[in-house]
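S.K.: What follows is the file run_20.tsv, containing TSV, C-alpha atoms and all ligand atoms:
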chain	number	residue	atom	x	y	z
T	535	MET	CA	0.00	0.00	0.00
T	536	ASN	CA	1.20	3.49	-0.79
T	537	THR	CA	2.33	4.72	2.64
T	538	SER	CA	1.16	8.26	2.00
T	539	ASN	CA	-2.38	6.92	1.75
T	540	VAL	CA	-2.31	4.58	4.75
T	541	ASN	CA	-3.15	7.10	7.43
T	542	ILE	CA	-5.79	8.80	5.31
T	543	LEU	CA	-7.59	5.55	4.54
T	544	GLU	CA	-7.37	4.25	8.09
T	545	ARG	CA	-9.05	7.37	9.38
T	546	THR	CA	-11.91	7.39	6.92
T	547	ALA	CA	-15.47	6.68	7.85
T	548	LYS	CA	-17.62	3.85	6.62
T	549	ASN	CA	-18.22	5.03	3.07
T	550	ILE	CA	-19.27	1.78	1.49
T	551	TYR	CA	-22.78	0.47	1.99
T	552	SER	CA	-22.08	-3.06	0.80
T	553	ILE	CA	-20.05	-5.20	-1.60
T	554	THR	CA	-21.34	-7.44	-4.35
T	555	PRO	CA	-18.52	-9.99	-4.43
T	556	PHE	CA	-18.93	-11.14	-8.03
T	557	THR	CA	-20.53	-9.93	-11.25
T	558	LEU	CA	-20.05	-10.68	-14.92
T	559	LEU	CA	-22.55	-8.02	-16.00
T	560	ASP	CA	-21.45	-4.66	-14.69
T	561	PHE	CA	-17.94	-4.41	-16.19
T	562	PRO	CA	-18.29	-6.25	-19.52
T	563	GLY	CA	-15.43	-8.61	-20.22
T	564	TYR	CA	-14.06	-8.52	-16.69
T	565	PRO	CA	-15.15	-10.63	-13.73
T	566	SER	CA	-15.59	-7.97	-11.07
T	567	CYS	CA	-16.95	-7.01	-7.70
T	568	ILE	CA	-19.06	-3.95	-6.98
T	569	PHE	CA	-18.52	-1.47	-4.17
T	570	TRP	CA	-21.80	0.31	-3.43
T	571	PHE	CA	-21.01	3.74	-1.99
T	572	SER	CA	-23.61	5.21	0.32
T	573	GLY	CA	-25.14	8.62	-0.26
T	574	CYS	CA	-25.88	10.69	-3.33
T	575	ASN	CA	-26.26	14.37	-4.15
T	576	MET	CA	-29.18	13.63	-6.47
T	577	ARG	CA	-32.65	12.40	-5.64
T	578	CYS	CA	-33.76	10.80	-8.89
T	579	LEU	CA	-37.38	9.83	-8.64
T	580	TYR	CA	-36.79	6.47	-10.32
T	581	CYS	CA	-33.71	5.57	-8.26
T	582	TYR	CA	-34.03	1.94	-7.25
T	583	ASN	CA	-31.29	2.12	-4.63
T	584	PRO	CA	-33.05	4.18	-1.94
T	585	ASP	CA	-31.42	2.21	0.87
T	586	ILE	CA	-27.97	3.00	-0.51
T	587	VAL	CA	-28.72	6.64	-1.25
T	588	LEU	CA	-30.32	7.36	2.11
T	589	GLY	CA	-28.51	4.82	4.26
T	590	LYS	CA	-25.22	4.79	6.07
T	591	GLY	CA	-22.16	2.82	5.03
T	592	SER	CA	-21.03	-0.29	6.86
T	593	LEU	CA	-17.52	-0.73	5.43
T	594	THR	CA	-14.41	1.44	5.42
T	595	TYR	CA	-11.97	1.80	2.57
T	596	ASN	CA	-9.62	-0.50	4.43
T	597	ASP	CA	-12.35	-3.14	4.80
T	598	ALA	CA	-12.81	-3.00	1.03
T	599	LEU	CA	-9.07	-3.25	0.39
T	600	GLU	CA	-8.80	-6.25	2.70
T	601	PHE	CA	-11.63	-7.88	0.75
T	602	LEU	CA	-9.83	-7.17	-2.53
T	603	LYS	CA	-6.62	-8.78	-1.30
T	604	THR	CA	-8.56	-12.04	-1.05
T	605	ARG	CA	-9.66	-11.67	-4.68
T	606	ILE	CA	-6.30	-11.08	-6.35
T	607	GLY	CA	-6.05	-13.50	-9.26
T	608	LEU	CA	-9.79	-14.26	-9.07
T	609	LEU	CA	-11.27	-10.97	-10.22
T	610	ASN	CA	-10.08	-8.51	-12.86
T	611	GLY	CA	-12.12	-5.47	-12.03
T	612	VAL	CA	-13.77	-3.31	-9.42
T	613	VAL	CA	-16.92	-1.31	-10.10
T	614	MET	CA	-17.33	1.82	-7.98
T	615	SER	CA	-21.06	2.39	-7.85
T	616	GLY	CA	-23.70	3.65	-5.47
T	617	GLY	CA	-25.02	6.19	-4.61
T	618	GLU	CA	-22.35	8.49	-5.99
T	619	CYS	CA	-18.84	7.24	-5.33
T	620	SER	CA	-17.06	10.46	-6.30
T	621	LEU	CA	-18.58	12.41	-3.41
T	622	HIS	CA	-16.57	10.60	-0.77
T	623	PRO	CA	-13.51	12.12	0.86
T	624	HIS	CA	-10.21	10.54	-0.20
T	625	PHE	CA	-11.91	8.64	-2.98
T	626	THR	CA	-8.98	9.23	-5.33
T	627	ALA	CA	-6.52	7.85	-2.77
T	628	PHE	CA	-8.72	4.81	-2.36
T	629	VAL	CA	-8.92	4.18	-6.12
T	630	SER	CA	-5.15	4.54	-6.28
T	631	GLU	CA	-4.79	1.72	-3.75
T	632	VAL	CA	-7.19	-0.46	-5.70
T	633	LYS	CA	-5.11	0.08	-8.84
T	634	GLU	CA	-1.92	-0.75	-6.95
T	635	LEU	CA	-3.46	-4.13	-6.11
T	636	GLY	CA	-3.69	-4.73	-9.85
T	637	PHE	CA	-7.42	-4.30	-10.51
T	638	LEU	CA	-9.08	-2.49	-13.38
T	639	VAL	CA	-11.50	0.18	-12.17
T	640	LYS	CA	-14.85	1.16	-13.57
T	641	ILE	CA	-16.68	4.21	-12.23
T	642	ASP	CA	-20.45	4.59	-12.33
T	643	THR	CA	-21.12	8.30	-11.93
T	644	ASN	CA	-23.85	10.88	-12.26
T	645	GLY	CA	-21.23	13.30	-13.59
T	646	SER	CA	-21.69	15.89	-10.86
T	647	ARG	CA	-18.06	15.94	-9.71
T	648	PRO	CA	-15.93	16.82	-12.74
T	649	LYS	CA	-12.99	17.91	-10.55
T	650	VAL	CA	-12.76	14.47	-8.97
T	651	LEU	CA	-13.12	12.88	-12.39
T	652	ASN	CA	-10.34	15.08	-13.72
T	653	THR	CA	-8.02	13.99	-10.91
T	654	LEU	CA	-8.78	10.33	-11.57
T	655	LEU	CA	-8.24	10.76	-15.30
T	656	SER	CA	-5.06	12.81	-14.99
T	657	GLN	CA	-3.55	10.16	-12.71
T	658	GLY	CA	-4.59	7.30	-14.99
T	659	LEU	CA	-6.61	5.66	-12.23
T	660	ILE	CA	-9.70	4.54	-14.13
T	661	ASP	CA	-10.26	2.17	-17.02
T	662	TYR	CA	-13.92	2.66	-17.87
T	663	VAL	CA	-16.69	5.08	-16.97
T	664	ALA	CA	-20.47	4.81	-17.18
T	665	LEU	CA	-21.77	8.37	-17.19
T	666	ASP	CA	-25.44	8.99	-16.40
T	667	PHE	CA	-27.17	11.60	-18.55
T	668	LYS	CA	-30.25	12.48	-16.55
T	669	ALA	CA	-31.92	15.09	-18.72
T	670	MET	CA	-31.54	18.42	-20.48
T	671	PRO	CA	-31.85	21.49	-18.21
T	672	ASP	CA	-35.61	21.82	-18.69
T	673	LYS	CA	-36.26	18.44	-17.07
T	674	GLU	CA	-33.34	17.82	-14.72
T	675	VAL	CA	-34.78	19.46	-11.59
T	676	ALA	CA	-37.99	17.45	-11.88
T	677	ILE	CA	-36.00	14.23	-12.28
T	678	THR	CA	-32.97	14.71	-10.02
T	679	GLY	CA	-34.11	17.40	-7.59
T	680	GLY	CA	-31.17	19.64	-8.47
T	681	VAL	CA	-29.20	21.55	-11.09
T	682	PHE	CA	-26.28	19.56	-12.46
T	683	PHE	CA	-26.25	20.07	-16.20
T	684	GLU	CA	-23.07	22.16	-16.32
T	685	ASP	CA	-21.22	19.60	-14.23
T	686	PHE	CA	-22.51	16.79	-16.42
T	687	THR	CA	-21.27	18.65	-19.51
T	688	ALA	CA	-17.89	19.26	-17.90
T	689	SER	CA	-17.60	15.54	-17.09
T	690	LEU	CA	-18.59	14.59	-20.63
T	691	GLU	CA	-16.05	16.98	-22.12
T	692	LEU	CA	-13.33	15.66	-19.82
T	693	LEU	CA	-13.98	12.06	-20.83
T	694	LEU	CA	-13.90	13.06	-24.49
T	695	SER	CA	-10.72	15.07	-24.11
T	696	TYR	CA	-8.92	12.17	-22.40
T	697	ARG	CA	-10.17	9.78	-25.09
T	698	MET	CA	-11.37	7.66	-22.22
T	699	ALA	CA	-13.32	4.42	-22.81
T	700	PHE	CA	-16.77	5.34	-21.57
T	701	GLU	CA	-20.46	5.13	-22.19
T	702	VAL	CA	-23.37	7.50	-21.68
T	703	ARG	CA	-26.62	6.09	-20.38
T	704	THR	CA	-30.07	7.29	-19.45
T	705	THR	CA	-32.85	5.70	-17.45
T	706	VAL	CA	-36.18	6.30	-19.13
T	707	HIS	CA	-39.51	6.57	-17.37
T	708	LYS	CA	-42.13	7.59	-19.88
T	709	SER	CA	-43.78	10.13	-17.58
T	710	LEU	CA	-40.41	11.88	-17.12
T	711	LEU	CA	-38.74	11.68	-20.54
T	712	SER	CA	-40.48	11.52	-23.90
T	713	SER	CA	-39.02	10.26	-27.17
T	714	ASP	CA	-38.51	13.91	-28.16
T	715	ASP	CA	-36.54	14.48	-24.97
T	716	ILE	CA	-34.34	11.50	-25.76
T	717	LEU	CA	-33.77	12.77	-29.30
T	718	THR	CA	-32.79	16.17	-27.92
T	719	MET	CA	-30.36	14.48	-25.56
T	720	SER	CA	-28.85	12.35	-28.32
T	721	SER	CA	-28.47	15.50	-30.46
T	722	TYR	CA	-26.67	17.16	-27.59
T	723	LEU	CA	-24.26	14.23	-27.32
T	724	ASN	CA	-23.72	14.33	-31.07
T	725	GLN	CA	-23.08	18.06	-30.92
T	726	LYS	CA	-20.43	17.38	-28.27
T	727	ASN	CA	-18.88	14.81	-30.63
T	728	TYR	CA	-19.69	11.80	-28.50
T	729	GLN	CA	-19.29	8.89	-30.90
T	730	GLY	CA	-20.11	5.91	-28.72
T	731	VAL	CA	-23.39	4.13	-28.18
T	732	TYR	CA	-26.03	5.99	-26.21
T	733	TYR	CA	-27.51	3.37	-23.88
T	734	LEU	CA	-31.08	3.63	-22.67
T	735	GLN	CA	-32.52	1.55	-19.90
T	736	ASN	CA	-36.20	1.18	-19.14
T	737	PHE	CA	-37.33	2.12	-15.69
T	738	LYS	CA	-37.74	-1.01	-13.57
T	739	ASP	CA	-41.28	-1.59	-12.46
T	740	GLY	CA	-42.11	-3.26	-9.20
T	741	VAL	CA	-39.06	-2.20	-7.18
T	742	PRO	CA	-38.81	0.34	-4.34
T	743	THR	CA	-37.84	3.78	-5.64
T	744	LEU	CA	-36.64	6.99	-4.09
T	745	GLY	CA	-39.58	9.01	-5.36
T	746	ASP	CA	-43.26	8.34	-5.44
T	747	ILE	CA	-43.39	7.38	-9.06
T	748	LYS	CA	-46.06	5.58	-10.99
T	749	TYR	CA	-45.54	2.30	-12.74
T	750	ASN	CA	-44.46	2.64	-16.32
T	751	ARG	CA	-45.92	-0.08	-18.47
T	752	THR	CA	-44.71	1.26	-21.80
T	753	THR	CA	-41.15	0.67	-22.94
T	754	ILE	CA	-38.79	2.74	-25.04
T	755	ASP	CA	-40.01	3.12	-28.63
T	756	LEU	CA	-36.86	2.67	-30.73
T	757	GLN	CA	-38.79	3.45	-33.91
T	758	ALA	CA	-39.46	6.95	-32.58
T	759	LEU	CA	-35.71	7.38	-32.07
T	760	LYS	CA	-34.62	6.26	-35.53
T	761	ASN	CA	-33.52	9.79	-36.51
T	762	SER	CA	-30.88	9.91	-33.80
T	763	LYS	CA	-27.48	10.77	-35.27
T	764	ILE	CA	-25.69	8.57	-32.77
T	765	PRO	CA	-26.40	4.87	-32.19
T	766	ILE	CA	-28.95	4.13	-29.48
T	767	SER	CA	-29.21	0.80	-27.74
T	768	VAL	CA	-31.70	-0.39	-25.14
T	769	ARG	CA	-30.25	-2.51	-22.37
T	770	ASN	CA	-33.37	-4.06	-20.90
J	1	LIG	S1	-30.22	7.11	-9.71
J	1	LIG	FE1	-29.93	9.25	-9.04
J	1	LIG	S2	-30.29	9.24	-6.81
J	1	LIG	FE2	-29.95	7.10	-7.45
J	1	LIG	S3	-27.78	6.78	-7.15
J	1	LIG	FE3	-28.03	7.38	-9.29
J	1	LIG	S4	-27.76	9.62	-9.30
J	1	LIG	FE4	-28.09	9.00	-7.16
Give the structure from this file in structure tokens form.
Ligand code: SF4

M.R.:
Amino acid sequence: MNTSNVNILERTAKNIYSITPFTLLDFPGYPSCIFWFSGCNMRCLYCYNPDIVLGKGSLTYNDALEFLKTRIGLLNGVVMSGGECSLHPHFTAFVSEVKELGFLVKIDTNGSRPKVLNTLLSQGLIDYVALDFKAMPDKEVAITGGVFFEDFTASLELLLSYRMAFEVRTTVHKSLLSSDDILTMSSYLNQKNYQGVYYLQNFKDGVPTLGDIKYNRTTIDLQALKNSKIPISVRN
């Protein structure tokens, strides 16, 4: 362990809500574990991790590193998810230790902390990023409870400027985002010169959510999105 980080990480609070010890789905191509960070600065109505967003962590960074030491040679990757991982103090130091153990790192982020992202990118500490695109400014407050569009754009531009492997994804609940909204969002990505796939995921019915949101029986209409200038793919 990098000695300059030891004291910092030993003093940190319990930032991690729980660990999923094994997944083949969340970091494609790499058997991984998932660290679920507690807390989030957004309050997305459709969020299906209310316990993680509102709850307290149960594991420290050191607990997570001790777990990882038992997985060397068994797992390739670590997914930092949540909640919003980038909000946590000393997150960069923690990721640095994970990299020193030899793991690839994927970050799931809502894009609201471009400065943290910049530090991670400039130090070469991450291997893949899944960036949430919540909405254009006219809808973001209703969906997330806050104003984050500038930070999202800064994060997007950073990822593009570093030529980082990343994806942009949006959760779609029909009462919150229409096909026209999605087309506007895909046009925005195109205008920013994002050339990857724009992933959409249908809101999950029948699970606890952060907001009081109605069931959404209709699914994404790909036909209505056929004029998108960037490729769109639906994940579920
Ligand atoms: S869906 Fe929204 S509230 Fe839930 S973890 Fe992601 S950014 Fe936070």

S.K.: What is the CA of Tyr749 in chain T-atom FE1 of ligand LIG 1 (chain J) distance in Å, reported with one decimal?

M.R.: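 Computing it gives 17.5 Å between the two atoms.
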
S.K.: Take CA of Met719 in chain T and CA of Leu690 in chain T and report the distance between them in Å, one decimal.

M.R.: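 Answer for the CA of Met719 in chain T to CA of Leu690 in chain T separation: 12.8 Å.
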
S.K.: Could you make a table, as CSV, of the residues of chain T that have an atom within 12 Å of an atom of ligand LIG 1 (chain J), each with its nearest atom pair and distance in Å to one decimal, counting only C-alpha atoms and all ligand atoms, in chain and number order?

M.R.:
residue,atom,partner,partner_atom,distance
T:Trp570,CA,J:LIG1,S3,9.6
T:Phe571,CA,J:LIG1,S3,9.0
T:Ser572,CA,J:LIG1,S3,8.7
T:Gly573,CA,J:LIG1,FE4,7.5
T:Cys574,CA,J:LIG1,FE4,4.7
T:Asn575,CA,J:LIG1,FE4,6.4
T:Met576,CA,J:LIG1,S2,4.5
T:Arg577,CA,J:LIG1,S2,4.1
T:Cys578,CA,J:LIG1,FE1,4.1
T:Leu579,CA,J:LIG1,S2,7.3
T:Tyr580,CA,J:LIG1,S1,6.6
T:Cys581,CA,J:LIG1,S1,4.1
T:Tyr582,CA,J:LIG1,FE2,6.6
T:Asn583,CA,J:LIG1,FE2,5.9
T:Pro584,CA,J:LIG1,FE2,7.0
T:Asp585,CA,J:LIG1,FE2,9.8
T:Ile586,CA,J:LIG1,S3,7.6
T:Val587,CA,J:LIG1,S3,6.0
T:Leu588,CA,J:LIG1,S2,9.1
T:Gly589,CA,J:LIG1,S3,11.6
T:Met614,CA,J:LIG1,S3,11.6
T:Ser615,CA,J:LIG1,S3,8.1
T:Gly616,CA,J:LIG1,S3,5.4
T:Gly617,CA,J:LIG1,S3,3.8
T:Glu618,CA,J:LIG1,S3,5.8
T:Cys619,CA,J:LIG1,S3,9.1
T:Ser620,CA,J:LIG1,S4,11.1
T:Leu621,CA,J:LIG1,FE4,10.8
T:Asp642,CA,J:LIG1,FE3,8.6
T:Thr643,CA,J:LIG1,S4,7.3
T:Asn644,CA,J:LIG1,S4,5.1
T:Gly645,CA,J:LIG1,S4,8.6
T:Ser646,CA,J:LIG1,S4,8.9
T:Arg647,CA,J:LIG1,S4,11.6
T:Ala664,CA,J:LIG1,FE3,11.2
T:Leu665,CA,J:LIG1,S4,10.0
T:Asp666,CA,J:LIG1,S4,7.5
T:Phe667,CA,J:LIG1,S4,9.5
T:Lys668,CA,J:LIG1,FE1,8.2
T:Ala669,CA,J:LIG1,FE1,11.5
T:Glu674,CA,J:LIG1,FE1,10.8
T:Val675,CA,J:LIG1,FE1,11.6
T:Ala676,CA,J:LIG1,FE1,11.8
T:Ile677,CA,J:LIG1,FE1,8.5
T:Thr678,CA,J:LIG1,FE1,6.3
T:Gly679,CA,J:LIG1,S2,9.0
T:Gly680,CA,J:LIG1,FE1,10.5
T:Phe682,CA,J:LIG1,S4,10.5
T:Phe686,CA,J:LIG1,S4,11.4
T:Arg703,CA,J:LIG1,FE3,11.3
T:Thr704,CA,J:LIG1,S1,9.7
T:Thr705,CA,J:LIG1,S1,8.3
T:Val706,CA,J:LIG1,S1,11.2
T:Gln735,CA,J:LIG1,S1,11.8
T:Phe737,CA,J:LIG1,S1,10.5
T:Lys738,CA,J:LIG1,S1,11.7
T:Pro742,CA,J:LIG1,FE2,11.6
T:Thr743,CA,J:LIG1,FE2,8.7
T:Leu744,CA,J:LIG1,S2,7.3
T:Gly745,CA,J:LIG1,S2,9.4

S.K.: Write the selection just made, keeping C-alpha atoms, as a PDB file, in the frame of the given file?

M.R.:
ATOM      1  CA  TRP T 570     -21.800   0.310  -3.430  1.00  0.00           C
ATOM      2  CA  PHE T 571     -21.010   3.740  -1.990  1.00  0.00           C
ATOM      3  CA  SER T 572     -23.610   5.210   0.320  1.00  0.00           C
ATOM      4  CA  GLY T 573     -25.140   8.620  -0.260  1.00  0.00           C
ATOM      5  CA  CYS T 574     -25.880  10.690  -3.330  1.00  0.00           C
ATOM      6  CA  ASN T 575     -26.260  14.370  -4.150  1.00  0.00           C
ATOM      7  CA  MET T 576     -29.180  13.630  -6.470  1.00  0.00           C
ATOM      8  CA  ARG T 577     -32.650  12.400  -5.640  1.00  0.00           C
ATOM      9  CA  CYS T 578     -33.760  10.800  -8.890  1.00  0.00           C
ATOM     10  CA  LEU T 579     -37.380   9.830  -8.640  1.00  0.00           C
ATOM     11  CA  TYR T 580     -36.790   6.470 -10.320  1.00  0.00           C
ATOM     12  CA  CYS T 581     -33.710   5.570  -8.260  1.00  0.00           C
ATOM     13  CA  TYR T 582     -34.030   1.940  -7.250  1.00  0.00           C
ATOM     14  CA  ASN T 583     -31.290   2.120  -4.630  1.00  0.00           C
ATOM     15  CA  PRO T 584     -33.050   4.180  -1.940  1.00  0.00           C
ATOM     16  CA  ASP T 585     -31.420   2.210   0.870  1.00  0.00           C
ATOM     17  CA  ILE T 586     -27.970   3.000  -0.510  1.00  0.00           C
ATOM     18  CA  VAL T 587     -28.720   6.640  -1.250  1.00  0.00           C
ATOM     19  CA  LEU T 588     -30.320   7.360   2.110  1.00  0.00           C
ATOM     20  CA  GLY T 589     -28.510   4.820   4.260  1.00  0.00           C
ATOM     21  CA  MET T 614     -17.330   1.820  -7.980  1.00  0.00           C
ATOM     22  CA  SER T 615     -21.060   2.390  -7.850  1.00  0.00           C
ATOM     23  CA  GLY T 616     -23.700   3.650  -5.470  1.00  0.00           C
ATOM     24  CA  GLY T 617     -25.020   6.190  -4.610  1.00  0.00           C
ATOM     25  CA  GLU T 618     -22.350   8.490  -5.990  1.00  0.00           C
ATOM     26  CA  CYS T 619     -18.840   7.240  -5.330  1.00  0.00           C
ATOM     27  CA  SER T 620     -17.060  10.460  -6.300  1.00  0.00           C
ATOM     28  CA  LEU T 621     -18.580  12.410  -3.410  1.00  0.00           C
ATOM     29  CA  ASP T 642     -20.450   4.590 -12.330  1.00  0.00           C
ATOM     30  CA  THR T 643     -21.120   8.300 -11.930  1.00  0.00           C
ATOM     31  CA  ASN T 644     -23.850  10.880 -12.260  1.00  0.00           C
ATOM     32  CA  GLY T 645     -21.230  13.300 -13.590  1.00  0.00           C
ATOM     33  CA  SER T 646     -21.690  15.890 -10.860  1.00  0.00           C
ATOM     34  CA  ARG T 647     -18.060  15.940  -9.710  1.00  0.00           C
ATOM     35  CA  ALA T 664     -20.470   4.810 -17.180  1.00  0.00           C
ATOM     36  CA  LEU T 665     -21.770   8.370 -17.190  1.00  0.00           C
ATOM     37  CA  ASP T 666     -25.440   8.990 -16.400  1.00  0.00           C
ATOM     38  CA  PHE T 667     -27.170  11.600 -18.550  1.00  0.00           C
ATOM     39  CA  LYS T 668     -30.250  12.480 -16.550  1.00  0.00           C
ATOM     40  CA  ALA T 669     -31.920  15.090 -18.720  1.00  0.00           C
ATOM     41  CA  GLU T 674     -33.340  17.820 -14.720  1.00  0.00           C
ATOM     42  CA  VAL T 675     -34.780  19.460 -11.590  1.00  0.00           C
ATOM     43  CA  ALA T 676     -37.990  17.450 -11.880  1.00  0.00           C
ATOM     44  CA  ILE T 677     -36.000  14.230 -12.280  1.00  0.00           C
ATOM     45  CA  THR T 678     -32.970  14.710 -10.020  1.00  0.00           C
ATOM     46  CA  GLY T 679     -34.110  17.400  -7.590  1.00  0.00           C
ATOM     47  CA  GLY T 680     -31.170  19.640  -8.470  1.00  0.00           C
ATOM     48  CA  PHE T 682     -26.280  19.560 -12.460  1.00  0.00           C
ATOM     49  CA  PHE T 686     -22.510  16.790 -16.420  1.00  0.00           C
ATOM     50  CA  ARG T 703     -26.620   6.090 -20.380  1.00  0.00           C
ATOM     51  CA  THR T 704     -30.070   7.290 -19.450  1.00  0.00           C
ATOM     52  CA  THR T 705     -32.850   5.700 -17.450  1.00  0.00           C
ATOM     53  CA  VAL T 706     -36.180   6.300 -19.130  1.00  0.00           C
ATOM     54  CA  GLN T 735     -32.520   1.550 -19.900  1.00  0.00           C
ATOM     55  CA  PHE T 737     -37.330   2.120 -15.690  1.00  0.00           C
ATOM     56  CA  LYS T 738     -37.740  -1.010 -13.570  1.00  0.00           C
ATOM     57  CA  PRO T 742     -38.810   0.340  -4.340  1.00  0.00           C
ATOM     58  CA  THR T 743     -37.840   3.780  -5.640  1.00  0.00           C
ATOM     59  CA  LEU T 744     -36.640   6.990  -4.090  1.00  0.00           C
ATOM     60  CA  GLY T 745     -39.580   9.010  -5.360  1.00  0.00           C
TER      61      GLY T 745
END

S.K.: May I have the protein, DNA and RNA residues with an atom at most 9 Å from (-8.4, 8.5, -7.0), counting only C-alpha atoms in the file's coordinates, returned as a list in words?

M.R.: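 Every polymer residue passing the test: Ser620, His624, Phe625, Thr626, Ala627, Phe628, Val629, Ser630, Glu631, Val650, Leu651, Thr653, Leu654, Leu655, Gln657, Gly658, Leu659 and Ile660 of chain T.
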
S.K.: Can you tell me, as a list in words, what residues are no more than 10 Å from Asp715 in chain T when counting only C-alpha atoms, ignoring any on the same chain fewer than 4 positions away?

M.R.: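 Surrounding residues, per the criterion: Ala669, Met670, Asp672, Lys673, Leu710, Leu711, Met719, Ser720 and Ser721 of chain T.
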
S.K.: As an exercise, work out the distance from CA of Asn736 in chain T to CA of Val768 in chain T in Å and give it to one decimal place.

M.R.: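 Answer for the CA of Asn736 in chain T to CA of Val768 in chain T separation: 7.7 Å.
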
S.K.: May I ask which of the residues T:Lys763, T:Lys633, T:Lys548, T:Lys603 is the closest one to Leu723 in chain T, counting all atoms listed in the file?

M.R.: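 Checking each of T:Lys763, T:Lys633, T:Lys548, T:Lys603 against Leu723 in chain T, counting all atoms listed in the file, the winner is T:Lys763.
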
S.K.: Taking into account all atoms listed in the file, which residue in the set T:Ile766, T:Ile553, T:Leu759, T:Val663 is nearest to Asp597 in chain T?

M.R.: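 Of the candidates, the smallest distance to Asp597 in chain T is held by T:Ile553.
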
S.K.: Name the closest residue to Tyr733 in chain T among the candidates T:Gln757, T:Thr594, T:Thr718, T:Asn770; distances are taken between atoms, counting all atoms listed in the file.

M.R.: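 Checking each candidate against Tyr733 in chain T, we get T:Asn770 as the closest.
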
S.K.: Give me the residues within 9 Å of Ile764 in chain T as a PyMOL selection string, counting only C-alpha atoms and dropping any in the same chain fewer than 3 places off.

M.R.: chain T and resi 720-721+723-724+728-732+761

S.K.: Identify which of the residues T:Ser689, T:Ser695, T:Thr753, T:Gln725 lies closest to Ser713 in chain T, counting all atoms listed in the file when measuring atom-to-atom distances.

M.R.: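 Once distances to Ser713 in chain T are computed over all atoms listed in the file, the minimum belongs to T:Thr753.
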
S.K.: For Phe569 in chain T, which residue out of T:Pro765, T:Pro671, T:Gly611, T:Gly636 is the nearest one, using all atoms listed in the file?

M.R.: T:Gly611

S.K.: Rank T:Leu635, T:Phe561, T:Tyr662, T:Thr546 by their smallest atom-to-atom distance to Arg605 in chain T, using only C-alpha atoms, and report the top residue only.

M.R.: T:Leu635

S.K.: Take range 745-759 of chain T, bring it up to N, CA and C atoms, and give me the output as a PDB file, in the coordinates of the input.

M.R.:
ATOM      1  N   GLY T 745     -38.429   8.116  -5.256  1.00  0.00           N
ATOM      2  CA  GLY T 745     -39.580   9.010  -5.360  1.00  0.00           C
ATOM      3  C   GLY T 745     -40.869   8.224  -5.478  1.00  0.00           C
ATOM      4  N   ASP T 746     -41.940   8.943  -5.282  1.00  0.00           N
ATOM      5  CA  ASP T 746     -43.260   8.340  -5.440  1.00  0.00           C
ATOM      6  C   ASP T 746     -43.604   8.401  -6.922  1.00  0.00           C
ATOM      7  N   ILE T 747     -43.282   7.344  -7.605  1.00  0.00           N
ATOM      8  CA  ILE T 747     -43.390   7.380  -9.060  1.00  0.00           C
ATOM      9  C   ILE T 747     -44.296   6.243  -9.528  1.00  0.00           C
ATOM     10  N   LYS T 748     -45.094   6.572 -10.520  1.00  0.00           N
ATOM     11  CA  LYS T 748     -46.060   5.580 -10.990  1.00  0.00           C
ATOM     12  C   LYS T 748     -45.379   4.499 -11.820  1.00  0.00           C
ATOM     13  N   TYR T 749     -46.038   3.354 -11.869  1.00  0.00           N
ATOM     14  CA  TYR T 749     -45.540   2.300 -12.740  1.00  0.00           C
ATOM     15  C   TYR T 749     -45.542   2.775 -14.187  1.00  0.00           C
ATOM     16  N   ASN T 750     -44.677   2.200 -14.953  1.00  0.00           N
ATOM     17  CA  ASN T 750     -44.460   2.640 -16.320  1.00  0.00           C
ATOM     18  C   ASN T 750     -44.548   1.418 -17.221  1.00  0.00           C
ATOM     19  N   ARG T 751     -45.723   1.167 -17.718  1.00  0.00           N
ATOM     20  CA  ARG T 751     -45.920  -0.080 -18.470  1.00  0.00           C
ATOM     21  C   ARG T 751     -45.356  -0.025 -19.883  1.00  0.00           C
ATOM     22  N   THR T 752     -45.212   1.179 -20.426  1.00  0.00           N
ATOM     23  CA  THR T 752     -44.710   1.260 -21.800  1.00  0.00           C
ATOM     24  C   THR T 752     -43.192   1.274 -21.802  1.00  0.00           C
ATOM     25  N   THR T 753     -42.616   0.719 -22.843  1.00  0.00           N
ATOM     26  CA  THR T 753     -41.150   0.670 -22.940  1.00  0.00           C
ATOM     27  C   THR T 753     -40.677   1.625 -24.031  1.00  0.00           C
ATOM     28  N   ILE T 754     -39.383   1.791 -24.094  1.00  0.00           N
ATOM     29  CA  ILE T 754     -38.790   2.740 -25.040  1.00  0.00           C
ATOM     30  C   ILE T 754     -39.149   2.354 -26.481  1.00  0.00           C
ATOM     31  N   ASP T 755     -39.608   3.348 -27.236  1.00  0.00           N
ATOM     32  CA  ASP T 755     -40.010   3.120 -28.630  1.00  0.00           C
ATOM     33  C   ASP T 755     -38.817   3.462 -29.534  1.00  0.00           C
ATOM     34  N   LEU T 756     -38.067   2.422 -29.923  1.00  0.00           N
ATOM     35  CA  LEU T 756     -36.860   2.670 -30.730  1.00  0.00           C
ATOM     36  C   LEU T 756     -37.191   3.271 -32.094  1.00  0.00           C
ATOM     37  N   GLN T 757     -38.383   2.918 -32.608  1.00  0.00           N
ATOM     38  CA  GLN T 757     -38.790   3.450 -33.910  1.00  0.00           C
ATOM     39  C   GLN T 757     -38.861   4.986 -33.862  1.00  0.00           C
ATOM     40  N   ALA T 758     -39.337   5.495 -32.733  1.00  0.00           N
ATOM     41  CA  ALA T 758     -39.460   6.950 -32.580  1.00  0.00           C
ATOM     42  C   ALA T 758     -38.094   7.630 -32.461  1.00  0.00           C
ATOM     43  N   LEU T 759     -37.057   6.815 -32.256  1.00  0.00           N
ATOM     44  CA  LEU T 759     -35.710   7.380 -32.070  1.00  0.00           C
ATOM     45  C   LEU T 759     -34.824   7.133 -33.286  1.00  0.00           C
TER      46      LEU T 759
END
